[in-house]
$ cat target39.txt   # compact mmCIF, C-alpha atoms
# COMPACT_ATOMS: atom_id res chain seq x y z
CA MET A 1 21.18 -7.26 10.90
CA PRO A 2 22.17 -4.56 13.43
CA VAL A 3 23.65 -1.47 11.76
CA PHE A 4 26.87 -1.57 13.79
CA LEU A 5 27.60 -5.10 12.51
CA LYS A 6 26.99 -4.04 8.92
CA ARG A 7 29.59 -1.31 9.38
CA ILE A 8 32.37 -3.60 10.61
CA VAL A 9 31.62 -6.84 8.75
CA PRO A 10 32.61 -7.03 5.05
CA ARG A 11 29.64 -6.70 2.70
CA SER A 12 30.37 -10.05 1.03
CA ILE A 13 30.11 -11.78 4.42
CA VAL A 14 26.84 -9.99 5.19
CA ARG A 15 25.38 -11.11 1.83
CA PHE A 16 26.48 -14.70 2.34
CA PHE A 17 25.25 -15.17 5.90
CA GLY A 18 22.33 -12.69 5.74
CA PRO A 19 19.61 -15.16 4.64
CA ALA A 20 20.52 -17.66 7.36
CA TYR A 21 20.58 -14.86 9.93
CA HIS A 22 17.12 -13.62 8.94
CA TRP A 23 15.69 -17.16 8.78
CA ALA A 24 17.02 -17.97 12.25
CA LEU A 25 15.59 -14.74 13.68
CA ALA A 26 12.16 -15.53 12.24
CA ARG A 27 12.16 -19.00 13.79
CA LEU A 28 13.44 -17.70 17.11
CA ALA A 29 10.80 -14.94 17.24
CA ALA A 30 7.95 -17.39 16.58
CA TYR A 31 9.29 -19.78 19.24
CA TRP A 32 9.89 -16.97 21.74
CA TYR A 33 6.26 -15.80 21.54
CA GLY A 34 4.79 -19.31 21.48
CA TYR A 35 3.73 -19.47 17.79
CA PRO A 36 0.75 -17.12 18.33
CA SER A 37 -0.47 -17.36 14.70
CA ARG A 38 -1.47 -20.98 15.30
CA GLY A 39 -4.42 -19.77 17.36
CA MET A 40 -5.88 -17.40 14.75
CA THR A 41 -6.91 -17.33 11.10
CA VAL A 42 -4.08 -15.45 9.36
CA ILE A 43 -4.67 -13.63 6.06
CA GLY A 44 -1.82 -12.22 3.98
CA ILE A 45 -2.33 -9.47 1.40
CA THR A 46 0.51 -9.01 -1.09
CA GLY A 47 1.14 -7.55 -4.53
CA THR A 48 2.63 -4.33 -5.89
CA ASN A 49 -0.24 -1.86 -5.50
CA GLY A 50 -3.41 -1.73 -3.42
CA LYS A 51 -2.21 -3.85 -0.49
CA SER A 52 -2.97 -1.37 2.29
CA THR A 53 -6.40 -0.54 0.90
CA VAL A 54 -7.32 -4.23 0.63
CA VAL A 55 -6.12 -4.80 4.21
CA GLU A 56 -8.35 -1.97 5.42
CA LEU A 57 -11.38 -3.08 3.38
CA SER A 58 -11.00 -6.72 4.41
CA ALA A 59 -10.61 -5.88 8.08
CA ARG A 60 -13.74 -3.68 7.99
CA ILE A 61 -15.81 -6.44 6.40
CA LEU A 62 -14.58 -8.98 8.95
CA GLU A 63 -15.44 -6.57 11.74
CA GLU A 64 -18.92 -6.05 10.30
CA ALA A 65 -19.33 -9.84 10.37
CA ARG A 66 -18.50 -9.66 14.10
CA PHE A 67 -15.11 -11.31 13.90
CA ARG A 68 -12.49 -10.09 16.34
CA VAL A 69 -9.90 -8.62 14.00
CA ALA A 70 -6.30 -7.40 14.10
CA SER A 71 -4.46 -5.92 11.13
CA VAL A 72 -1.07 -4.64 10.03
CA SER A 73 -0.50 -2.35 7.03
CA SER A 74 1.65 0.56 5.95
CA ILE A 75 -1.15 2.77 7.34
CA ARG A 76 -1.60 1.44 10.85
CA PHE A 77 -1.58 -1.36 13.39
CA LYS A 78 -4.97 -2.34 14.78
CA ILE A 79 -6.24 -4.81 17.38
CA MET A 80 -10.03 -4.63 17.59
CA ASN A 81 -10.87 -1.07 18.70
CA GLU A 82 -7.29 -0.09 19.49
CA TRP A 83 -5.08 1.29 16.74
CA TRP A 84 -1.92 3.30 16.28
CA PRO A 85 -0.19 4.65 13.14
CA ASN A 86 2.57 2.73 11.41
CA ASP A 87 5.38 5.25 11.73
CA LEU A 88 8.17 2.70 11.28
CA LYS A 89 8.76 3.51 7.58
CA MET A 90 8.49 -0.25 7.21
CA THR A 91 5.28 -1.78 5.85
CA MET A 92 6.02 -5.30 7.09
CA PRO A 93 7.80 -4.93 10.44
CA GLY A 94 10.62 -7.09 11.74
CA ARG A 95 10.18 -10.63 12.97
CA PHE A 96 10.10 -9.97 16.72
CA PHE A 97 7.76 -6.99 16.25
CA LEU A 98 5.37 -9.08 14.15
CA GLN A 99 5.35 -12.04 16.50
CA ARG A 100 4.89 -9.75 19.51
CA PHE A 101 1.97 -8.09 17.72
CA LEU A 102 0.41 -11.48 16.93
CA ALA A 103 0.85 -12.61 20.54
CA ARG A 104 -0.79 -9.43 21.79
CA ALA A 105 -3.68 -9.81 19.33
CA LYS A 106 -4.24 -13.41 20.39
CA ARG A 107 -4.09 -12.49 24.08
CA LYS A 108 -6.75 -9.81 23.52
CA GLY A 109 -9.02 -12.33 21.82
CA ALA A 110 -8.48 -11.72 18.10
CA THR A 111 -9.71 -14.57 15.91
CA HIS A 112 -8.57 -13.18 12.53
CA VAL A 113 -5.46 -11.23 11.50
CA VAL A 114 -4.96 -9.42 8.18
CA LEU A 115 -1.30 -8.72 7.38
CA GLU A 116 0.24 -6.71 4.55
CA VAL A 117 3.10 -8.75 3.08
CA THR A 118 5.94 -7.13 1.13
CA SER A 119 8.65 -8.53 -1.10
CA GLN A 120 11.32 -6.97 1.10
CA GLY A 121 9.74 -8.66 4.11
CA ILE A 122 9.65 -12.01 2.31
CA LYS A 123 13.26 -11.57 1.20
CA GLN A 124 14.25 -11.20 4.86
CA PHE A 125 12.09 -14.20 5.93
CA ARG A 126 9.67 -12.08 7.98
CA HIS A 127 6.89 -14.32 6.63
CA ARG A 128 8.44 -17.43 8.17
CA GLY A 129 7.16 -18.52 11.56
CA ILE A 130 3.68 -17.25 10.63
CA GLU A 131 1.06 -19.92 9.96
CA TRP A 132 -0.83 -18.62 6.93
CA ASP A 133 -4.40 -19.60 6.02
CA VAL A 134 -5.34 -17.21 3.20
CA LEU A 135 -3.05 -15.44 0.71
CA LEU A 136 -4.37 -12.79 -1.66
CA LEU A 137 -2.41 -11.24 -4.53
CA THR A 138 -3.58 -7.86 -5.85
CA ASN A 139 -1.30 -7.46 -8.89
CA ILE A 140 2.33 -7.64 -9.99
CA THR A 141 4.08 -4.70 -11.65
CA ARG A 142 7.66 -3.43 -11.54
CA GLU A 143 8.93 -2.41 -8.09
CA HIS A 144 12.09 -2.90 -6.00
CA ILE A 145 13.92 -4.00 -9.14
CA GLU A 146 17.31 -2.82 -7.86
CA ALA A 147 16.81 -4.60 -4.53
CA HIS A 148 15.83 -7.90 -6.16
CA GLY A 149 17.90 -7.75 -9.34
CA SER A 150 15.11 -8.10 -11.92
CA PHE A 151 11.34 -8.21 -12.28
CA GLU A 152 11.50 -12.00 -12.50
CA LYS A 153 13.38 -12.22 -9.21
CA TYR A 154 10.93 -9.76 -7.63
CA GLN A 155 8.03 -12.02 -8.65
CA LYS A 156 9.85 -15.15 -7.47
CA THR A 157 10.32 -13.52 -4.08
CA LYS A 158 6.57 -12.87 -3.87
CA GLU A 159 5.94 -16.51 -4.77
CA LYS A 160 7.91 -17.80 -1.78
CA VAL A 161 5.10 -17.11 0.67
CA PHE A 162 2.60 -18.89 -1.62
CA GLU A 163 4.94 -21.85 -1.83
CA GLN A 164 4.88 -22.03 1.97
CA LEU A 165 1.08 -21.79 2.35
CA ILE A 166 0.23 -25.49 2.23
CA LYS A 167 3.26 -26.32 4.38
CA THR A 168 2.23 -24.12 7.29
CA TYR A 169 0.43 -25.35 10.39
CA ARG A 170 -3.08 -26.60 9.61
CA LYS A 171 -5.80 -25.34 11.96
CA LYS A 172 -8.43 -28.07 12.09
CA GLU A 173 -11.15 -27.35 9.51
CA ILE A 174 -9.75 -24.01 8.30
CA PRO A 175 -8.84 -24.37 4.58
CA LYS A 176 -5.74 -23.00 2.89
CA ILE A 177 -6.91 -20.45 0.29
CA ILE A 178 -5.22 -18.58 -2.58
CA ILE A 179 -6.96 -15.58 -4.18
CA VAL A 180 -5.60 -13.75 -7.23
CA ASN A 181 -6.59 -10.98 -9.65
CA GLU A 182 -7.68 -12.76 -12.83
CA ASP A 183 -7.11 -9.62 -14.91
CA ASP A 184 -3.40 -9.54 -14.06
CA LYS A 185 -1.45 -12.01 -16.20
CA HIS A 186 1.39 -12.31 -13.70
CA ALA A 187 -0.97 -12.87 -10.79
CA LEU A 188 -2.44 -15.94 -12.49
CA GLU A 189 0.95 -17.63 -12.27
CA PHE A 190 0.51 -17.84 -8.49
CA LEU A 191 -2.30 -20.35 -8.90
CA LYS A 192 0.28 -23.08 -9.54
CA TYR A 193 0.88 -23.40 -5.79
CA ASN A 194 -1.05 -25.90 -3.70
CA ALA A 195 -4.11 -24.83 -1.72
CA ASP A 196 -7.48 -26.26 -0.67
CA LYS A 197 -9.28 -23.45 -2.53
CA LYS A 198 -8.12 -21.29 -5.43
CA LEU A 199 -10.26 -18.24 -6.23
CA LYS A 200 -10.07 -15.44 -8.80
CA TYR A 201 -11.69 -12.02 -9.04
CA SER A 202 -12.14 -9.87 -12.12
CA LEU A 203 -14.00 -6.86 -13.48
CA LYS A 204 -15.14 -8.86 -16.51
CA ASN A 205 -18.16 -10.44 -14.85
CA ILE A 206 -19.53 -7.47 -12.93
CA ASP A 207 -21.24 -4.19 -13.77
CA TYR A 208 -19.91 -0.97 -12.31
CA ILE A 209 -20.52 2.75 -12.59
CA LEU A 210 -18.01 5.42 -11.59
CA GLU A 211 -20.34 8.01 -10.09
CA LYS A 212 -19.55 11.55 -9.03
CA ASP A 213 -19.70 10.65 -5.34
CA GLY A 214 -18.35 7.11 -5.48
CA ILE A 215 -18.75 3.73 -7.15
CA LYS A 216 -21.73 1.46 -7.74
CA ILE A 217 -20.93 -2.23 -8.29
CA THR A 218 -23.46 -4.90 -9.29
CA ILE A 219 -22.52 -8.55 -8.86
CA GLU A 220 -25.35 -10.66 -10.21
CA ASP A 221 -28.28 -9.08 -8.32
CA ILE A 222 -26.20 -7.69 -5.45
CA VAL A 223 -25.65 -3.91 -5.46
CA ILE A 224 -22.71 -2.50 -3.52
CA LYS A 225 -22.15 1.23 -3.14
CA THR A 226 -19.09 3.01 -1.81
CA LYS A 227 -17.80 6.55 -1.47
CA LEU A 228 -14.38 5.43 -2.66
CA SER A 229 -13.41 6.62 -6.16
CA GLY A 230 -11.32 5.38 -9.06
CA ARG A 231 -11.43 2.26 -11.20
CA PHE A 232 -8.42 0.85 -9.34
CA ASN A 233 -10.52 0.84 -6.17
CA ILE A 234 -13.03 -1.48 -7.85
CA TYR A 235 -10.23 -4.03 -7.99
CA ASN A 236 -9.44 -3.42 -4.32
CA ILE A 237 -13.10 -3.85 -3.38
CA MET A 238 -13.45 -7.01 -5.46
CA ALA A 239 -10.37 -8.44 -3.77
CA ALA A 240 -11.87 -7.80 -0.32
CA ILE A 241 -15.27 -9.18 -1.38
CA THR A 242 -13.71 -12.38 -2.74
CA LEU A 243 -11.78 -12.80 0.48
CA ALA A 244 -14.92 -12.27 2.56
CA ARG A 245 -16.95 -14.75 0.53
CA SER A 246 -14.16 -17.34 0.85
CA LEU A 247 -14.67 -17.06 4.61
CA ASN A 248 -18.46 -17.51 4.21
CA ILE A 249 -19.32 -13.92 5.11
CA GLY A 250 -22.79 -12.91 3.89
CA TRP A 251 -23.60 -10.26 1.31
CA GLU A 252 -25.44 -8.06 3.81
CA GLU A 253 -22.36 -7.71 6.00
CA ILE A 254 -20.25 -6.95 2.92
CA GLN A 255 -22.68 -4.31 1.66
CA ARG A 256 -22.90 -2.60 5.06
CA ALA A 257 -19.15 -2.57 5.63
CA ILE A 258 -18.23 -1.13 2.24
CA SER A 259 -20.99 1.48 2.32
CA LYS A 260 -19.63 2.82 5.63
CA ILE A 261 -16.12 3.47 4.30
CA ASP A 262 -15.67 7.13 3.35
CA SER A 263 -11.96 6.96 2.57
CA ILE A 264 -8.72 5.08 3.21
CA PRO A 265 -6.06 7.28 4.89
CA GLY A 266 -3.68 8.65 2.28
CA ARG A 267 -5.07 6.44 -0.49
CA PHE A 268 -6.81 8.58 -3.09
CA GLU A 269 -8.05 10.64 -0.15
CA PHE A 270 -10.07 13.71 -1.10
CA ILE A 271 -9.06 16.60 1.13
CA GLN A 272 -11.45 18.93 -0.75
CA HIS A 273 -14.01 18.49 -3.53
CA GLU A 274 -15.22 22.01 -4.38
CA PRO A 275 -14.66 24.54 -5.89
CA PHE A 276 -11.48 22.66 -6.84
CA THR A 277 -10.35 19.16 -5.97
CA VAL A 278 -7.38 18.30 -3.75
CA VAL A 279 -6.31 14.67 -3.44
CA VAL A 280 -3.49 13.00 -1.49
CA ASP A 281 -2.34 9.56 -2.60
CA TYR A 282 0.48 7.16 -1.76
CA ALA A 283 1.19 6.34 -5.43
CA HIS A 284 4.95 5.85 -5.76
CA THR A 285 5.22 3.36 -8.64
CA PRO A 286 4.61 4.15 -12.32
CA ASP A 287 1.61 1.81 -12.48
CA ALA A 288 -0.02 3.35 -9.40
CA LEU A 289 0.68 6.92 -10.54
CA ARG A 290 -0.88 6.29 -13.94
CA LYS A 291 -4.03 4.81 -12.38
CA VAL A 292 -4.43 7.74 -10.00
CA TYR A 293 -4.00 10.30 -12.79
CA GLU A 294 -6.44 8.39 -15.01
CA ALA A 295 -9.03 8.54 -12.23
CA LEU A 296 -8.78 12.36 -12.33
CA LYS A 297 -8.19 12.79 -16.06
CA ASN A 298 -11.33 14.89 -16.62
CA ASN A 299 -9.78 17.63 -14.50
CA ASN A 300 -6.96 20.03 -15.21
CA LEU A 301 -4.29 18.39 -13.07
CA ILE A 302 -1.72 20.26 -11.01
CA CYS A 303 0.64 17.49 -9.93
CA VAL A 304 2.99 17.53 -6.95
CA LEU A 305 5.36 14.57 -6.96
CA GLY A 306 8.84 13.32 -6.20
CA ALA A 307 10.63 10.01 -5.80
CA ALA A 308 12.29 8.27 -2.88
CA GLY A 309 16.06 8.38 -2.49
CA GLY A 310 18.35 5.93 -0.75
CA GLY A 311 19.00 4.09 -4.03
CA ARG A 312 15.38 2.96 -4.18
CA ASP A 313 14.22 2.13 -7.70
CA LYS A 314 16.14 4.82 -9.56
CA TRP A 315 14.85 3.30 -12.81
CA LYS A 316 11.35 4.58 -12.17
CA ARG A 317 12.19 8.28 -11.84
CA ARG A 318 12.19 9.03 -15.56
CA GLU A 319 8.99 6.97 -15.98
CA LEU A 320 7.25 8.98 -13.25
CA GLY A 321 8.20 12.13 -15.17
CA GLN A 322 6.87 10.71 -18.42
CA ILE A 323 3.53 9.84 -16.83
CA ALA A 324 3.22 13.30 -15.26
CA ASP A 325 4.07 14.82 -18.65
CA GLU A 326 1.22 12.84 -20.22
CA PHE A 327 -1.50 13.74 -17.72
CA CYS A 328 -0.66 16.96 -15.86
CA LYS A 329 -1.31 20.57 -16.83
CA GLU A 330 1.32 21.78 -14.36
CA ILE A 331 4.06 19.76 -12.66
CA ILE A 332 5.76 20.62 -9.39
CA LEU A 333 8.66 18.35 -8.44
CA THR A 334 9.60 18.19 -4.77
CA ASN A 335 11.29 16.19 -2.04
CA GLU A 336 9.81 12.87 -0.99
CA ASP A 337 12.25 10.83 1.11
CA PRO A 338 15.74 11.77 -0.10
CA TYR A 339 17.69 9.81 2.52
CA ASP A 340 21.40 10.33 1.70
CA GLU A 341 20.93 11.11 -1.99
CA ASP A 342 21.20 14.59 -3.46
CA PRO A 343 17.54 15.67 -3.76
CA ASN A 344 18.35 17.94 -6.71
CA GLN A 345 19.69 14.94 -8.60
CA ILE A 346 16.50 12.97 -7.86
CA LEU A 347 14.36 15.78 -9.25
CA SER A 348 16.58 16.10 -12.31
CA GLU A 349 16.13 12.39 -13.05
CA ILE A 350 12.35 12.76 -12.85
CA GLU A 351 12.51 15.89 -15.01
CA SER A 352 14.42 13.96 -17.70
CA GLY A 353 11.11 12.26 -18.54
CA ILE A 354 9.22 15.54 -18.97
CA SER A 355 9.32 17.31 -22.33
CA ALA A 356 5.99 18.98 -23.03
CA LYS A 357 4.78 20.52 -19.76
CA PRO A 358 6.07 23.37 -17.58
CA VAL A 359 8.02 22.17 -14.54
CA LEU A 360 8.71 23.84 -11.20
CA LYS A 361 11.28 22.33 -8.86
CA ILE A 362 10.68 23.24 -5.21
CA LEU A 363 12.66 21.11 -2.74
CA ASP A 364 10.67 22.26 0.29
CA ARG A 365 7.63 19.96 0.10
CA GLU A 366 5.39 22.29 2.12
CA GLU A 367 6.24 25.18 -0.21
CA ALA A 368 5.53 22.95 -3.21
CA ILE A 369 2.07 22.12 -1.84
CA LYS A 370 1.44 25.82 -1.15
CA LYS A 371 2.46 26.74 -4.69
CA ALA A 372 0.11 24.13 -6.17
CA ILE A 373 -2.87 25.23 -4.12
CA LEU A 374 -2.27 28.96 -4.61
CA ASN A 375 -2.15 28.43 -8.39
CA VAL A 376 -5.35 26.40 -8.54
CA ARG A 377 -8.50 27.58 -10.30
CA SER A 378 -12.09 26.45 -10.01
CA GLY A 379 -12.50 23.07 -11.68
CA ASP A 380 -8.81 22.17 -11.36
CA ALA A 381 -7.49 19.24 -9.35
CA VAL A 382 -4.35 19.24 -7.22
CA ILE A 383 -2.95 15.73 -6.77
CA ILE A 384 -0.14 15.23 -4.25
CA THR A 385 1.49 11.81 -4.51
CA GLY A 386 4.26 9.73 -3.00
CA LYS A 387 3.71 9.83 0.75
CA GLY A 388 0.01 9.42 1.46
CA SER A 389 -0.49 9.11 5.22
CA GLU A 390 3.18 8.57 6.07
CA SER A 391 4.18 10.40 9.24
CA TRP A 392 7.89 10.94 8.54
CA MET A 393 10.11 12.36 5.81
CA MET A 394 13.46 10.58 5.74
CA GLY A 395 16.60 12.68 5.35
CA PRO A 396 20.37 12.21 5.39
CA ARG A 397 22.20 10.25 8.09
CA GLY A 398 19.01 8.69 9.43
CA THR A 399 17.26 11.98 10.21
CA LYS A 400 13.46 12.00 10.30
CA LEU A 401 11.19 15.00 9.90
CA PRO A 402 7.62 14.68 11.28
CA TRP A 403 5.31 14.89 8.28
CA ASP A 404 1.80 14.34 6.98
CA ASP A 405 0.82 15.49 3.48
CA ARG A 406 -2.84 15.56 4.52
CA ASN A 407 -2.32 17.84 7.52
CA ILE A 408 -0.03 20.18 5.59
CA THR A 409 -2.60 20.36 2.79
CA ARG A 410 -5.43 21.15 5.20
CA GLU A 411 -3.37 23.91 6.81
CA VAL A 412 -2.58 25.44 3.42
CA LEU A 413 -6.23 25.31 2.37
CA LYS A 414 -7.29 26.94 5.65
CA ALA A 415 -4.73 29.74 5.21
CA ARG A 416 -5.90 30.26 1.62
CA ASP A 417 -9.54 30.51 2.69
CA GLU A 418 -8.66 33.00 5.42
CA ALA A 419 -6.65 35.10 2.98
CA TYR A 420 -9.65 35.24 0.62
CA GLY A 421 -12.09 35.81 3.48
CA LEU A 422 -13.90 32.51 2.87
$ encode --input "target39.txt" --output "structure tokens"
Amino acid sequence: MPVFLKRIVPRSIVRFFGPAYHWALARLAAYWYGYPSRGMTVIGITGTNGKSTVVELSARILEEARFRVASVSSIRFKIMNEWWPNDLKMTMPGRFFLQRFLARAKRKGATHVVLEVTSQGIKQFRHRGIEWDVLLLTNITREHIEAHGSFEKYQKTKEKVFEQLIKTYRKKEIPKIIIVNEDDKHALEFLKYNADKKLKYSLKNIDYILEKDGIKITIEDIVIKTKLSGRFNIYNIMAAITLARSLNIGWEEIQRAISKIDSIPGRFEFIQHEPFTVVVDYAHTPDALRKVYEALKNNNLICVLGAAGGGRDKWKRRELGQIADEFCKEIILTNEDPYDEDPNQILSEIESGISAKPVLKILDREEAIKKAILNVRSGDAVIITGKGSESWMMGPRGTKLPWDDRNITREVLKARDEAYGL
């Protein structure tokens, strides 16, 4: 709903008529652009963590199999060889934007589209008017609890798109497919919805080795190697593999595609390996933060983190502090996206979960990154979380500061090397 209307219309009226407003916009957008998703195979990736990585992996495999692919994620928008960053601060864009994107992809000849699907997007009916063919769920952990009211309501919101799958437009011989993570107990509940195929992936029936320079996965007699790191990325890879196999893509194409991927922008992205490690990651939920820290637990961790403002998931701030307290040698708390909240209060709420480790609070995020890197020793690991590849930092009254953790980190490392004559 336009901001100026929200300011003059009573909140109770907005809440009452909001769902109908969003539903009508979704239907109008699809009609306005001629229902473009009916002419392509549409794949939705949802869940709490790993969505963007699975979108990227899946799109790369489809491209390797010579499909003409478009994709939307929190990282970027892509139509075949053309791409541009997602700088909207909105993972799943609005209805007219999405339908316009789909129409453009179809016009340029795309046959397959991979879309990241969020609970906030589903809540505002951005999934309606899109004719889904495949839905994949990565996992379900606590997120957006304040926006949805409870974890149960958050999960129910995710389920709405699965409920719609079999009801959407059927494209000749293309089956309706549901794929879930078998190792996630909440994800299994999504198999109750109707589909032509229901598939599961798991780490129980594969062999894998976390190597120094990546991961080696063996599925039966098929060996897949990647430069990606972390046990959580095995789940992301298995999700993309299961999706690819459901679309009858061969093992050779899958092996080639995954072996070519050096990193995913802002997702456990190694900025430097030696003589000390520097990693930038998007982790902004307790579950994601724990998994990232566990992947680096053999190092002495210097952790730079914050939490988003704007009333977003205040419950998690103390938990983020507790997790940092458990894993990190040094903790530097800093700004993330404060919006209209007092950033000092945000940091204090994170700090309330920290009891055993020294804490520095540096509001200036660039200065916090500098402090972490200047304090580092050989063998240490600096891990900077919360923003990943995001290109803006959101401040009060709608202000936006151009930002990129990765670029800032590279500049700090370069200045450090020059100061030491390296």
$ residues_around --input "target39.txt" --residues "range 360-373 of chain A" --least-positions-apart "6" --cutoff "6 Å" --atoms "only C-alpha atoms" --output "list in words"
Ile332, Leu333, Thr334 and Asn335 of chain A
$ atom_distance --input "target39.txt" --atom1 "CA of Asn236 in chain A" --atom2 "CA of Thr285 in chain A"
16.7 Å
$ closest_residue --input "target39.txt" --among "A:Gly311, A:Gly250, A:Gly129, A:Pro275" --to "Tyr31 in chain A" --atoms "only C-alpha atoms"
A:Gly129
$ residues_around --input "target39.txt" --residues "His127 in chain A" --least-positions-apart "5" --cutoff "10 Å" --atoms "all atoms listed in the file" --output "list in words"
Trp23, Ala26, Gly44, Met92, Gly94, Arg95, Leu98, Leu115, Val117, Thr118, Ser119, Gly121, Ile122, Trp132, Lys160, Val161 and Gln164 of chain A
$ write_last_selection --input "target39.txt" --atoms "C-alpha atoms" --output "CSV table (one decimal), keeping the file's coordinate frame"
chain,number,residue,atom,x,y,z
A,23,TRP,CA,15.7,-17.2,8.8
A,26,ALA,CA,12.2,-15.5,12.2
A,44,GLY,CA,-1.8,-12.2,4.0
A,92,MET,CA,6.0,-5.3,7.1
A,94,GLY,CA,10.6,-7.1,11.7
A,95,ARG,CA,10.2,-10.6,13.0
A,98,LEU,CA,5.4,-9.1,14.2
A,115,LEU,CA,-1.3,-8.7,7.4
A,117,VAL,CA,3.1,-8.8,3.1
A,118,THR,CA,5.9,-7.1,1.1
A,119,SER,CA,8.6,-8.5,-1.1
A,121,GLY,CA,9.7,-8.7,4.1
A,122,ILE,CA,9.6,-12.0,2.3
A,132,TRP,CA,-0.8,-18.6,6.9
A,160,LYS,CA,7.9,-17.8,-1.8
A,161,VAL,CA,5.1,-17.1,0.7
A,164,GLN,CA,4.9,-22.0,2.0
$ closest_atom_pairs --input "target39.txt" --of "range 210-248 of chain A" --to "range 197-203 of chain A" --cutoff "10 Å" --atoms "only C-alpha atoms" --output "CSV"
residue,atom,partner,partner_atom,distance
A:Ile217,CA,A:Leu203,CA,9.8
A:Ile219,CA,A:Leu203,CA,9.8
A:Arg231,CA,A:Leu203,CA,9.7
A:Ile234,CA,A:Leu203,CA,7.8
A:Tyr235,CA,A:Leu203,CA,7.2
A:Met238,CA,A:Tyr201,CA,6.4
A:Ala239,CA,A:Tyr201,CA,6.5
A:Ala240,CA,A:Tyr201,CA,9.7
A:Ile241,CA,A:Tyr201,CA,8.9
A:Thr242,CA,A:Tyr201,CA,6.6
A:Leu243,CA,A:Leu199,CA,8.8
A:Ser246,CA,A:Leu199,CA,8.1
$ closest_residue --input "target39.txt" --among "A:Arg126, A:Arg142, A:Arg267, A:Arg76" --to "Asp281 in chain A" --atoms "all atoms listed in the file"
A:Arg267
$ closest_residue --input "target39.txt" --among "A:Arg317, A:Arg410, A:Arg416, A:Lys51" --to "Leu136 in chain A" --atoms "only C-alpha atoms"
A:Lys51
$ residues_around --input "target39.txt" --residues "Trp403 in chain A" --least-positions-apart "3" --cutoff "10 Å" --atoms "all atoms listed in the file" --output "PyMOL selection string"
chain A and resi 365-366+387+389-394+400+406-408
$ residues_around --input "target39.txt" --residues "Trp32 in chain A" --least-positions-apart "6" --cutoff "10 Å" --atoms "all atoms listed in the file" --output "PyMOL selection string"
chain A and resi 26+96+99-100
$ atom_distance --input "target39.txt" --atom1 "CA of Lys316 in chain A" --atom2 "CA of Pro343 in chain A"
15.2 Å
$ atom_distance --input "target39.txt" --atom1 "CA of Ile249 in chain A" --atom2 "CA of Val55 in chain A"
16.1 Å
$ closest_residue --input "target39.txt" --among "A:Pro265, A:Pro286, A:Gly379, A:Pro396" --to "Asp340 in chain A" --atoms "all atoms listed in the file"
A:Pro396
$ closest_residue --input "target39.txt" --among "A:Ser348, A:Ile323, A:Ile264, A:Lys192" --to "Lys291 in chain A" --atoms "all atoms listed in the file"
A:Ile323
$ closest_residue --input "target39.txt" --among "A:Tyr282, A:Gln155, A:Leu296, A:Gly50" --to "Lys212 in chain A" --atoms "only C-alpha atoms"
A:Leu296
$ residues_near_point --input "target39.txt" --point "(7.8, -19.8, 12.3)" --cutoff "9 Å" --atoms "all atoms listed in the file" --output "PyMOL selection string"
chain A and resi 26-31+35+37+127-131+168
$ residues_around --input "target39.txt" --residues "Leu165 in chain A" --least-positions-apart "6" --cutoff "9 Å" --atoms "all atoms listed in the file" --output "VMD selection string"
chain A and resid 131 to 135 176 to 178 193 to 195
$ decode --input "target39.txt" --residues "range 217-226 of chain A" --atoms "N, CA and C atoms" --output "PDB file, in the first residue's frame"
ATOM      1  N   ILE A 217      31.515 -34.565  -2.465  1.00  0.00           N
ATOM      2  CA  ILE A 217      30.276 -35.294  -2.182  1.00  0.00           C
ATOM      3  C   ILE A 217      30.217 -36.517  -3.083  1.00  0.00           C
ATOM      4  N   THR A 218      29.882 -37.675  -2.502  1.00  0.00           N
ATOM      5  CA  THR A 218      29.706 -38.894  -3.282  1.00  0.00           C
ATOM      6  C   THR A 218      28.279 -39.390  -3.107  1.00  0.00           C
ATOM      7  N   ILE A 219      27.561 -39.465  -4.226  1.00  0.00           N
ATOM      8  CA  ILE A 219      26.191 -39.976  -4.240  1.00  0.00           C
ATOM      9  C   ILE A 219      26.206 -41.249  -5.063  1.00  0.00           C
ATOM     10  N   GLU A 220      26.074 -42.381  -4.381  1.00  0.00           N
ATOM     11  CA  GLU A 220      26.275 -43.671  -5.033  1.00  0.00           C
ATOM     12  C   GLU A 220      27.677 -43.668  -5.629  1.00  0.00           C
ATOM     13  N   ASP A 221      27.824 -43.737  -6.948  1.00  0.00           N
ATOM     14  CA  ASP A 221      29.171 -43.724  -7.531  1.00  0.00           C
ATOM     15  C   ASP A 221      29.515 -42.380  -8.171  1.00  0.00           C
ATOM     16  N   ILE A 222      28.667 -41.389  -7.969  1.00  0.00           N
ATOM     17  CA  ILE A 222      28.864 -40.075  -8.572  1.00  0.00           C
ATOM     18  C   ILE A 222      29.624 -39.181  -7.600  1.00  0.00           C
ATOM     19  N   VAL A 223      30.755 -38.620  -8.055  1.00  0.00           N
ATOM     20  CA  VAL A 223      31.565 -37.734  -7.229  1.00  0.00           C
ATOM     21  C   VAL A 223      31.383 -36.297  -7.701  1.00  0.00           C
ATOM     22  N   ILE A 224      31.039 -35.424  -6.769  1.00  0.00           N
ATOM     23  CA  ILE A 224      30.827 -34.009  -7.077  1.00  0.00           C
ATOM     24  C   ILE A 224      31.750 -33.186  -6.197  1.00  0.00           C
ATOM     25  N   LYS A 225      32.541 -32.324  -6.817  1.00  0.00           N
ATOM     26  CA  LYS A 225      33.460 -31.470  -6.081  1.00  0.00           C
ATOM     27  C   LYS A 225      33.083 -30.003  -6.264  1.00  0.00           C
ATOM     28  N   THR A 226      33.276 -29.240  -5.199  1.00  0.00           N
ATOM     29  CA  THR A 226      32.981 -27.816  -5.257  1.00  0.00           C
ATOM     30  C   THR A 226      33.975 -27.046  -4.403  1.00  0.00           C
TER      31      THR A 226
END
